[in-house]
Amino acid sequence: MSTQNCTHSIAITGSGGSGAITVGNMLLQQAAKNSLYGFMRRSVGPQIRGGESAALLRLSDQPVFCPDDRFDLLIAFDWRNADRFALEIPLDSQSLIITDPASGEIPEVIQQSGAKIIEVPLKKMASAVSGGRINMVAVGLLTALLKMPAEVATDIISSTLVKKGEEAIKSSLDCFETGFNYELPGKLPCPQLMAAEPGIRWNISGNEAAGLGALQGGVRFVAAYPITPATEVLEWLSPRIEKIGGTLLQAEDELASINMAIGASFGGTVSMTSTSGPGLSLMSEGIGLAVASEIPLIVVNVTRGGPSTGIPTKSEQSDLNIALNGLHGDAPHLVLAPQNITDCIDTTRWAVQLAEALQTPAIVLTDQFQGQSRCITPVPESPDLAMARKVAQPEKDKVFERYAITESGISPMAIPGTADCSYTADGLEHKPSGQPSSIATDHHDQLDKRQRKLDLFEFGEKWADIHGDGQLAIITWGSSTAAVLEAAQRLKFTGQTVKVISIRLLAPAQVDSLEKELIGVNRLLVVEQSHSRQFYHYLRAHYTLPDKVNVFAEPGPLAITPGTITHAVQLLKGELS
Amino acid sequence: MSTQNCTHSIAITGSGGSGAITVGNMLLQQAAKNSLYGFMRRSVGPQIRGGESAALLRLSDQPVFCPDDRFDLLIAFDWRNADRFALEIPLDSQSLIITDPASGEIPEVIQQSGAKIIEVPLKKMASAVSGGRINMVAVGLLTALLKMPAEVATDIISSTLVKKGEEAIKSSLDCFETGFNYELPGKLPCPQLMAAEPGIRWNISGNEAAGLGALQGGVRFVAAYPITPATEVLEWLSPRIEKIGGTLLQAEDELASINMAIGASFGGTVSMTSTSGPGLSLMSEGIGLAVASEIPLIVVNVTRGGPSTGIPTKSEQSDLNIALNGLHGDAPHLVLAPQNITDCIDTTRWAVQLAEALQTPAIVLTDQFQGQSRCITPVPESPDLAMARKVAQPEKDKVFERYAITESGISPMAIPGTADCSYTADGLEHKPSGQPSSIATDHHDQLDKRQRKLDLFEFGEKWADIHGDGQLAIITWGSSTAAVLEAAQRLKFTGQTVKVISIRLLAPAQVDSLEKELIGVNRLLVVEQSHSRQFYHYLRAHYTLPDKVNVFAEPGPLAITPGTITHAVQLLKGELS
Amino acid sequence: MTNLAKAKSYKSDIKPIWCPGCGDFAVLSALTKAFAFLDLAKQDLAVISGIGCSSRLPAYFSSYGFHGIHGRALPIASGLKLARPELTVIASGGDGDGFSIGGNHFIHACRRNLDMTYIVMDNEVYGMTKGQASPTTQPDWASSKLTPHGTGVRPFQPAAIALASGASFIARAFSGDPNGMTKLIIAAIQHPGFSFIQVLSPCPTFRPEQKLWKHQVEAFPHEPTDDPVKAATRLYTDDGMSSGLIFQSNYPTWNKPEVAQTSVKQFEEEFVV
Amino acid sequence: MTNLAKAKSYKSDIKPIWCPGCGDFAVLSALTKAFAFLDLAKQDLAVISGIGCSSRLPAYFSSYGFHGIHGRALPIASGLKLARPELTVIASGGDGDGFSIGGNHFIHACRRNLDMTYIVMDNEVYGMTKGQASPTTQPDWASSKLTPHGTGVRPFQPAAIALASGASFIARAFSGDPNGMTKLIIAAIQHPGFSFIQVLSPCPTFRPEQKLWKHQVEAFPHEPTDDPVKAATRLYTDDGMSSGLIFQSNYPTWNKPEVAQTSVKQFEEEFVV
Ligand SMILES: Cc1ncc(C[n+]2csc(CCOP(=O)(O)OP(=O)(O)O)c2C)c(N)n1
Ligand SMILES: Cc1ncc(C[n+]2csc(CCOP(=O)(O)OP(=O)(O)O)c2C)c(N)n1
Ligand code: SF4
Ligand code: SF4
Ligand SMILES: [Mg+2]
Ligand SMILES: [Mg+2]
């Protein structure tokens with residue numbers, strides 16, 4: 001990404017049943033078909049059904065993974081509970097608001113923005129069509145406004161509604177046309193998007209991506225318990241995993257699901273579970289068992305607002321502490337974090353491979369922001385081959401020792417069905433044979449071994465992504481990365497260079513690698529989405545940082561945007577000069 | 001403690017039923033009655049009954065809370081499974097071993113020490129008495145060897161065995177006499193203990209002490225699930241709490257016990273639970289609920305060897321990570337650690353008071369080493385008064401807001417039964433009224449408030465204990481403190497001064513207080529009993545430390561002894577010079 | 001104050017997040033009517049729940065309440081009741097909350113027989129997480145992506161489990177029969193011991209077919225019994241769609257033991273050697 | 001090889017930590033005899049447990065095993081069985097492990113009906129933690145400091161709960177009758193579905209009075225039934241001290257659905273716009 005992005009940010013809101021999300025989805029598909037890119041979040045109210053919802057869309061000529069600081073356009077089907085959205089849809093005097101005068105007065109919080117208001121008789125236009133719906137009028141309006149071709153849009157409408165029958169398609173197309181041909185007294189405050197390089201595009205959410213990465217890595221057993229915002233990982237996996245010989249089971253609770261995954265992995269099947277904060281808490285004991293008994297598995301944790309039940313539908317990066325340090329005893333394990341929606345594929349796949357290679361659990365920390373958003377991206381690169389589990393076979397004249405002390409720290413692991421290698425896995429401290437032992441030397445040997453296998457492993461280049469260079473570095477992780485990278489790009493456009501380090505492998509800490517990257521950096525800005533500066537404290541705990549460190553830590557539920565980061569950098573630079 | 005301790009370390013071992021522990025207990029009582037002090041650990045094998053056990057005793061003219069580096073005397077009733085003890089009973093050429101030739105050859109691991117072996121026909125002596133037992137012969141032998149008066153010993157025998165009847169007492173006294181009068185061809189390699197200041201002594205274990213501190217603090221409800229080594233906290237509390245109007249309930253599991261404690265505390269009753277690592281893992285979700293819904297309670301965690309089921313009967317300080325960072329989301333809470341057996345009273349009481357004042361859970365981190373050991377101590381100082389919970393009453397013309405935003409961060413808490421203050425406690429993020437909310441400003445207000453109440457509270461002097469002064473400081477916590485303090489005392493005796501800082505209040509981190517104490521310190525030695533340097537990483541995460549920091553981190557199960565610490569200090573000093 | 005106005009006084013002014021037509025509205029209103037009938041003082045009443053659509057209940061009352069964590073309504077309620085026996089404690093939640101993640105507390109609460117009432121709004125689905133199978137879901141219900149072929153597992157029988165676990169009051173109500181439900185709730189609160197009411201409470205959003213329940217639910221054809229054998233026989237032959245009081249017995253409730261009282265100072269004396 | 005020698009070949013050379021006279025020795029030996037009788041290949045056999053004295057069982061076999069965490073034997077065993085249906089999976093543990101902390105998995109494993117065997121060594125006490133009351137302990141047993149007046153709670157009825165939960169094979173064995181136990185274990189392993197055996201297995205250390213069990217346990221006076229009503233009737237009138245097969249039925253077991261197979265690449269295609 002070398003030039004300034006050209007993007008359009010569009011919010012479509014309405015109360016339940018108004019079809020705002022459908023509009024967003026259709027525009028996202030149009031973008032893909034028109035060789036553009038896009039990113040879409042959804043925001044929903046507390047009501048289970050019939051509550052308000054918003055599609056928060058961003059279209060661009062480059063891949064985008066985060067929202068902009070402001071919206072160019074808000075199209076509101078009604079104003080019910082608009083105050084609940086107001087903070088999520090920042091508007092300014094450059095913005096447009098399209099609304100139907102029939103939906104009543106525009107709320108004060110929205111008017112304050114000074115955005116230009118365009119009144120369109122959406123309801124009237126829709127009701128002129130038999131079975132017409134305003135959201136399809138909106139698709140028409142927006143397609144025209146964005147100067148996207150009508151044929152692409154109508155194709156998408158037809159194929160999307162194919163199950164609803166001919167009549168529904170017909171009335172939707174009519175509505176589309178009404179909207180498309182409507183003369184809007186205003187245009188978007190930004191230049192038209194120019195098609196980027198053509199080519200096949202994917203439309204994928206982070207939760208789907210994590211599911212795909214898991215299957216690519218070799219996962220063939222999943223046990224889990226539904227929880228927002230992780231359920232879609234399971235919903236994507238369930239009908240698919242059975243088609244490649246695997247099994248997904250909805251368990252009675254998270255205690256069952258983590259322990260089922262342990263049992264299946266003990267049996268030689270690559271296993272996972274997926275959850276969010278409250279479920280991760282319940283899984284701690286099981287994850288600790290996997291550490292002690294050296295059972296590989298992955299836990300995809302889609303973080304939501306905490307603590308406790310918190311804000312289930314909104315995002316935060318506040319499960320970092322528990323992922324890193326939430327196990328009792330000395331329990332070294334893996335923690336990885338994908339950096340954007342498509343990276344959910346790669347990082348999850350890598351997590352599976354590492355867990356398998358290292359016989360230890362890996363926690364993949366994604367979040368609601370990545371998990372439940374969709375993006376349009378180029379087709380991701382072809383994955384590495386799944387790393388196969390090193391399965392022990394009997395050796396002549398040698399008694400099999402499951403927890404043998406080895407130089408690499410990795411012991412031979414046999415799986416049931418292998419003759420002459422039987423053993424009992426144990427979460428009690430044990431001798432190399434697996435027999436329980438409370439003797440100091442056995443404890444130390446096994447503790448050393450479990451640590452050593454992580455310390456000695458060659459993790460390679462993927463531990464972090466490094467972008468740019470400069471004396472000022474921004475260090476971040478996970479879903480905050482997208483906003484940081486876009487901020488860096490904007491800064492570069494104004495001639496300011498910053499180095500961006502985004503850590504993918506959070507545990508074990510890659511001390512040498514990071515400290516090498518910090519050579520020449522004299523000022524560090526830590527960016528994370530938590531209240532208690534969890535990432536900052538983690539960095540301090542494990543790495544030697546430059547003398548001057550600033551922290552940009554904001555809890556959810558609002559997304560971190562590029563502008564807030566460039567602003568933080570400007571402040572630093574001001575301070576510096 | 002200004003002079004070098006004069007202490008005797010004595011190990012009594014035997015296989016199940018041989019009564020080794022009884023010998024230790026009787027000697028401990030004799031010490032108390034003879035105006036001495038003492039400390040006794042127990043070590044048991046994996047067998048539930050009939051396995052080997054050892055009483056590891058240390059008698060002194062000053063209060064002692066940790067074992068010495070070596071043993072002066074080992075009296076072994078037999079040698080079964082002696083290898084399992086060998087590492088716990090370091091002997092040297094100065095040591096004595098008393099053994100019965102009839103129990104067979106002394107194992108190689110023991111002989112290697114070069115200790116002087118004294119053969120005593122224990123079995124024969126015991127069988128000369130009708131119903132005689134060798135352990136009573138041993139009490140006699142040891143009483144004489146330690147030059148303690150026979151009358152005190154016989155009184156203790158008689159009162160201990162009162163339930164066993166006249167005959168048992170008679171034969172025990174006879175055995176005692178045989179032992180007492182036996183001419184041992186050797187004496188202890190250290191001067192006779194001189195009685196310290198006379199006065200009433202307590203004989204107490206850390207688990208009992210934690211129970212007592214809890215009741216002093218006002219705890220009147222306990223729900224818990226048995227787990228080694230925490231069960232004795234409950235066993236001490238259960239028959240007592242009901243005598244002061246309280247309730248203890250054995251729950252179906254730890255999920256139930258933590259949530260029952262939450263329910264009871266919501267009801268206005270000061271509440272606690274007690275557990276160890278695996279149980280603490282299961283409680284994470286509940287503790288997080290207490291944070292979010294602002295319910296005070298305490299969790300006394302008696303740490304054992306980890307990870308997973310680990311080594312249930314042995315000690316370690318490796319639950320620090322989970323205690324500090326084991327909750328999902330941003331979940332500020334209290335973590336405290338008693339520094340020795342009697343401090344279990346004070347720290348637990350203080351934890352109750354803080355939890356109540358701050359409406360948040362407090363985790364008290366003790367461990368097997370403190371919890372299951374007994375000591376003889378002077379009568380502890382009279383406790384502070386229990387801090388009463390600030391219970392809200394209705395205010396005229398004001399709607400009660402349970403989670404009102406206040407300057408101190410502490411909101412008014414009403415309890416059921418109070419008219420016009422009813423509210424619904426919630427672990428979902430909420431408005432000041434308690435009504436669920438996913439709006440950013442509500443989330444930020446409540447996150448700020450829950451953090452602020454901990455940040456602004458005046459914790460006073462008890463956050464740490466500071467001893468001595470010097471440019472070299474040792475920083476430690478919890479049960480490692482005793483060995484560190486004794487090491488400091490030994491160093492002082494050789495003219496070397498070190499400053500010892502032992503942190504009692506681990507969370508919230510007392511940054512200013514510690515950094516003030518570190519002024520003038522240019523070298524820091526961190527001492528802890530964990531493999532992954534949990535305390536060291538915690539310190540780095542939260543405090544600015546001197547440039548030169550060394551870490552002495554050893555996992556369990558062997559106790560940290562003063563000599564290993566003085567040795568570490570010598571190494572540092574050597575390096576320095 | 002008419003009874004209806006009085007019932008209303010137990011409601012808070014928070015608007016339920018429930019979907020139009022959700023069965024839980026009727027449970028909320030039946031509870032307020034029962035409270036009014038029993039003339040309970042608001043401040044001595046606490047409604048406790050877990051997490052789920054149904055578990056949103058507590059905030060809709062003007063009494064004390066606790067909206068806890070998923071599956072733990074019963075432990076929180078039990079702790080409260082143990083600490084404050086004089087309060088009227090109502091535990092509540094959904095079939096997922098109570099029978100899936102909370103199943104262990106359910107069987108042990110039945111055994112423990114504390115004097116409280118547990119109301120499970122059973123819609124045979126996880127409403128809050130948008131429609132997965134719960135333990136009470138029929139094995140062939142295939143509308144959840146997580147169980148695309150149905151669960152293939154025979155449904156959990158709440159009443160039979162309660163009986164086997166030793167519950168002393170077992171009833172089934174239907175939110176389509178609010179008066180019957182109110183009467184059962186009154187009886188449950190009056191019952192000294194643990195009272196369990198399974199309320200068939202439709203979820204029109206994820207189980208639209210449950211709209212038919214109003215044609216299917218019938219009154220239990222038997223008088224309530226205190227004989228577990230009779231109750232078991234009936235339950236094992238019942239289709240799960242009959243409402244009414246099934247079983248009531250005077251099992252002993254868990255009680256604080258009567259012991260002579262002393263002081264913490266006394267315990268300190270015990271440590272003196 | 002005589003049968004006895006063969007049975008012995010299923011034993012590892014680790015010496016049990018159990019107290020002399022512990023009932024669990026007989027369970028270990030009955031299992032090896034059943035394995036020998038069924039001629040199971042060691043490497044295709046896995047014994048899974050939780051934590052407790054009884055849960056130490058797996059390491060004493062020469063087969064595969066997993067000594068897991070307290071209360072989770074059944075999930076670990078279920079995961080293994082789901083992933084490797086061809087293995088013979090035995091879950092095992094104590095009454096505390098299975099009915100207290102593990103109670104929820106017990107009822108759901110009964111429902112799920114995977115083809116495995118679950119053996120609970122019931123000594124009505126927590127042995128490993130030195131003698132606390134378990135769910136099956138009589139309410140007036142007052143020898144634990146945690147319940148100095150007894151639990152005051154009616155005991156958990158494992159067989160009745162299993163029945164209400166939908167288990168398809170329910171038996172009670174006695175470690176004082178090793179031959180009877182061996183036969184029941186054989187039948188349990190042969191049964192296609194979830195087989196539950198409650199073994200009365202005395203703890204002479206913390207429940208010395210259980211030495212009397214050998215005079216109290218009698219064979220069930222009935223033939224096994226497949227009628228839950230009959231089984232319930234018997235169980236509700238039984239004193240919990242009769243041994244034998246109580247209930248066996250051919251409920252459907254949970255099975256992997258038969259679906260056409262494809263490849264991960266195919267799923268990738270679905271994302272193409
Ligand atoms: C520990 C944990 N796991 C999972 C969830 C997600 N979750 C919330 S409600 C719910 C199920 C609700 O179903 P039910 O109890 O039947 O209530 P309903 O919504 O149907 O009324 C689940 C799985 C959670 N909040 N916490
Ligand atoms: C999470 C957790 N809680 C508590 C314990 C402590 N614990 C170990 S075994 C046990 C009970 C054992 O009783 P049971 O299952 O009946 O087995 P038994 O020893 O009687 O054979 C308990 C409470 C633990 N290991 N883990
Ligand atoms: S989803 Fe179902 S249970 Fe939830 S509120 Fe809507 S109708 Fe009620
Ligand atoms: S304590 Fe009881 S259950 Fe445990 S090994 Fe001893 S006799 Fe067996
Ligand atoms: Mg439900
Ligand atoms: Mg038991």
# chains A, B, ... in the order shown; residues from 1 in each chain; ligands from 1

call {"tool": "residues_around", "arguments": {"residues": "Glu52 of chain A", "least_positions_apart": "2", "cutoff": "10 Å", "atoms": "only C-alpha atoms", "output": "ChimeraX atom specification"}}
result
/A:13-18,20,43-50,54,78-82,84-85

call {"tool": "interface_residues", "arguments": {"of": "chain C", "to": "chain A", "cutoff": "12 Å", "atoms": "only C-alpha atoms", "output": "PyMOL selection string"}}
result
chain C and resi 15-22+50-54+56+67-71+95-104+125-136+142-153+156+203-206

call {"tool": "interface_residues", "arguments": {"of": "chain D", "to": "chain C", "cutoff": "7 Å", "atoms": "only C-alpha atoms", "output": "list in words"}}
result
Gly103, Asn104, Arg111, Arg112, Gly152, Val153, Arg154, Phe156, Ala160, Ile161, Ala164, Ser165, Pro228, Val229, Ala232, Thr233, Tyr236 and Trp254 of chain D

call {"tool": "interface_residues", "arguments": {"of": "chain A", "to": "chain B", "cutoff": "8 Å", "atoms": "only C-alpha atoms", "output": "PyMOL selection string"}}
result
chain A and resi 46+84+87+277-278+280-285+288-289+291-292+305-311+314+317-322+325-331+427-429+437-440+443-444+447+530-532+537-542+555-558

call {"tool": "write_last_selection", "arguments": {"atoms": "C-alpha atoms", "output": "PDB file, in the first residue's frame"}}
result
ATOM      1  CA  PRO A  46     -29.741  -5.686  22.604  1.00  0.00           C
ATOM      2  CA  ARG A  84     -27.352   3.825  20.572  1.00  0.00           C
ATOM      3  CA  LEU A  87     -21.066   7.122  18.753  1.00  0.00           C
ATOM      4  CA  GLY A 277     -14.089 -14.790  27.400  1.00  0.00           C
ATOM      5  CA  PRO A 278     -16.577 -16.441  29.772  1.00  0.00           C
ATOM      6  CA  LEU A 280     -12.258 -19.323  28.085  1.00  0.00           C
ATOM      7  CA  SER A 281     -12.438 -18.783  31.843  1.00  0.00           C
ATOM      8  CA  LEU A 282     -14.233 -22.076  32.221  1.00  0.00           C
ATOM      9  CA  MET A 283     -11.669 -23.793  30.035  1.00  0.00           C
ATOM     10  CA  SER A 284      -8.614 -22.759  32.061  1.00  0.00           C
ATOM     11  CA  GLU A 285      -8.416 -25.959  34.009  1.00  0.00           C
ATOM     12  CA  GLY A 288      -3.776 -26.574  31.952  1.00  0.00           C
ATOM     13  CA  LEU A 289      -4.345 -30.310  31.676  1.00  0.00           C
ATOM     14  CA  VAL A 291      -0.157 -28.365  28.999  1.00  0.00           C
ATOM     15  CA  ALA A 292       0.756 -30.898  31.661  1.00  0.00           C
ATOM     16  CA  GLY A 305     -16.206  -6.728  25.793  1.00  0.00           C
ATOM     17  CA  GLY A 306     -15.358  -7.748  29.343  1.00  0.00           C
ATOM     18  CA  PRO A 307     -15.172  -8.339  32.231  1.00  0.00           C
ATOM     19  CA  SER A 308     -17.737 -11.071  32.998  1.00  0.00           C
ATOM     20  CA  THR A 309     -20.653 -11.216  30.579  1.00  0.00           C
ATOM     21  CA  GLY A 310     -19.607  -7.686  29.645  1.00  0.00           C
ATOM     22  CA  ILE A 311     -20.736  -6.625  26.176  1.00  0.00           C
ATOM     23  CA  LYS A 314     -18.962  -5.765  20.875  1.00  0.00           C
ATOM     24  CA  GLN A 317      -8.725  -6.998  23.111  1.00  0.00           C
ATOM     25  CA  SER A 318      -9.072  -7.566  26.819  1.00  0.00           C
ATOM     26  CA  ASP A 319      -8.707 -11.346  26.952  1.00  0.00           C
ATOM     27  CA  LEU A 320      -4.961 -11.012  26.472  1.00  0.00           C
ATOM     28  CA  ASN A 321      -4.168 -11.387  30.170  1.00  0.00           C
ATOM     29  CA  ILE A 322      -6.125 -14.575  30.653  1.00  0.00           C
ATOM     30  CA  ASN A 325      -1.420 -15.986  32.192  1.00  0.00           C
ATOM     31  CA  GLY A 326      -4.731 -17.597  32.987  1.00  0.00           C
ATOM     32  CA  LEU A 327      -3.491 -21.069  33.861  1.00  0.00           C
ATOM     33  CA  HIS A 328      -2.485 -22.160  37.334  1.00  0.00           C
ATOM     34  CA  GLY A 329       1.035 -23.416  37.920  1.00  0.00           C
ATOM     35  CA  ASP A 330       3.903 -22.955  35.497  1.00  0.00           C
ATOM     36  CA  ALA A 331       2.112 -23.743  32.277  1.00  0.00           C
ATOM     37  CA  GLY A 427      -1.924 -34.170  34.575  1.00  0.00           C
ATOM     38  CA  LEU A 428      -0.220 -35.187  37.794  1.00  0.00           C
ATOM     39  CA  GLU A 429       3.512 -34.557  37.640  1.00  0.00           C
ATOM     40  CA  SER A 437       5.821 -38.670  40.850  1.00  0.00           C
ATOM     41  CA  SER A 438       6.197 -35.948  43.428  1.00  0.00           C
ATOM     42  CA  ILE A 439       9.965 -36.117  43.487  1.00  0.00           C
ATOM     43  CA  ALA A 440      11.743 -32.817  42.893  1.00  0.00           C
ATOM     44  CA  HIS A 443       9.144 -32.215  38.520  1.00  0.00           C
ATOM     45  CA  HIS A 444      12.109 -30.118  37.445  1.00  0.00           C
ATOM     46  CA  LEU A 447       9.015 -28.383  33.854  1.00  0.00           C
ATOM     47  CA  SER A 530      -7.970  -2.632  26.494  1.00  0.00           C
ATOM     48  CA  HIS A 531      -8.563  -0.510  29.548  1.00  0.00           C
ATOM     49  CA  SER A 532      -5.856  -1.829  31.824  1.00  0.00           C
ATOM     50  CA  HIS A 537       2.270  -4.669  30.694  1.00  0.00           C
ATOM     51  CA  TYR A 538       2.962  -7.858  28.781  1.00  0.00           C
ATOM     52  CA  LEU A 539       5.624  -6.077  26.722  1.00  0.00           C
ATOM     53  CA  ARG A 540       7.256  -4.639  29.823  1.00  0.00           C
ATOM     54  CA  ALA A 541       7.215  -8.009  31.522  1.00  0.00           C
ATOM     55  CA  HIS A 542       9.077  -9.793  28.770  1.00  0.00           C
ATOM     56  CA  PRO A 555     -11.249  -0.275  25.693  1.00  0.00           C
ATOM     57  CA  GLY A 556     -14.062  -1.235  23.332  1.00  0.00           C
ATOM     58  CA  PRO A 557     -16.706  -1.098  22.134  1.00  0.00           C
ATOM     59  CA  LEU A 558     -15.760   1.604  19.603  1.00  0.00           C
TER      60      LEU A 558
END

call {"tool": "residues_around", "arguments": {"residues": "segment 135-140 of chain B", "least_positions_apart": "2", "cutoff": "7 Å", "atoms": "only C-alpha atoms", "output": "JSON, numbers by chain"}}
result
{"B": [18, 19, 20, 23, 122, 126, 133, 142, 143, 144, 172, 175, 176, 177, 178, 179, 180]}

call {"tool": "residues_around", "arguments": {"residues": "segment 365-372 of chain A", "least_positions_apart": "5", "cutoff": "7 Å", "atoms": "only C-alpha atoms", "output": "list in words"}}
result
Arg41, Ser205, Gly206, Asn207, Pro229, Val300, Asn301, Val302, Thr303, Arg304, Lys314, Ser315, Glu316, Gln317, Leu336, Ala337, Pro338, Asn340, Ile341, Gly478 and Ser479 of chain A

call {"tool": "atom_distance", "arguments": {"atom1": "atom CA of Thr32 of chain C", "atom2": "atom CA of Tyr10 of chain C"}}
result
5.7 Å

call {"tool": "residues_around", "arguments": {"residues": "segment 83-92 of chain D", "least_positions_apart": "5", "cutoff": "7 Å", "atoms": "only C-alpha atoms", "output": "list in words"}}
result
Phe221, Ala264, Gly267 and Thr269 of chain A; Asp44, Leu45, Ala46, Val47, Ile48, Ser49, Ser55, Ala73, Leu74, Ala77, Met116, Thr117, Tyr118, Ile119 and Val120 of chain D

call {"tool": "residues_around", "arguments": {"residues": "segment 98-104 of chain A", "least_positions_apart": "5", "cutoff": "7 Å", "atoms": "only C-alpha atoms", "output": "list in words"}}
result
Leu74, Ile75, Ala76, Phe77, Asp78, Trp79, Ile117, Ile118, Glu119, Val120, Pro121 and Leu122 of chain A

call {"tool": "closest_residue", "arguments": {"among": "D:Ala26, D:Ala219, D:Leu82, D:Val259", "to": "ligand 4", "atoms": "only C-alpha atoms and all ligand atoms"}}
result
D:Ala26

call {"tool": "select_by_dssp", "arguments": {"residues": "segment 120-349 of chain A", "states": "alpha helix (DSSP H)", "output": "PyMOL selection string"}}
result
chain A and resi 122-127+134-145+150-160+166-181+206-217+231-241+254-266+277-293+320-325+343-349

call {"tool": "closest_residue", "arguments": {"among": "B:Ser274, B:Thr481, B:Gln489, B:Val152", "to": "ligand 2", "atoms": "only C-alpha atoms and all ligand atoms"}}
result
B:Ser274

call {"tool": "atom_distance", "arguments": {"atom1": "atom CA of Ile295 of chain A", "atom2": "atom CA of Ala355 of chain A"}}
result
8.4 Å

call {"tool": "residues_around", "arguments": {"residues": "Lys6 of chain D", "least_positions_apart": "3", "cutoff": "9 Å", "atoms": "only C-alpha atoms", "output": "list in words"}}
result
Met1, Thr2, Asn3, Ser9, Tyr10, Thr32, Lys33, Phe35, Ala36, Phe37 and Asp39 of chain D

call {"tool": "atom_distance", "arguments": {"atom1": "atom CA of Arg490 of chain B", "atom2": "atom CA of Asp343 of chain B"}}
result
22.0 Å

call {"tool": "closest_residue", "arguments": {"among": "C:Met241, C:Leu212, C:Ile246, C:Ala41", "to": "Ala171 of chain C", "atoms": "only C-alpha atoms"}}
result
C:Ile246

call {"tool": "select_by_dssp", "arguments": {"residues": "segment 65-248 of chain A", "states": "strand (DSSP E)", "output": "number ranges by chain"}}
result
A: 73-76, 96-99, 116-119, 201-205, 221-224, 247-248

call {"tool": "closest_residue", "arguments": {"among": "D:Asp226, D:Glu209, D:Asp115, D:Asp13", "to": "ligand 4", "atoms": "only C-alpha atoms and all ligand atoms"}}
result
D:Glu209
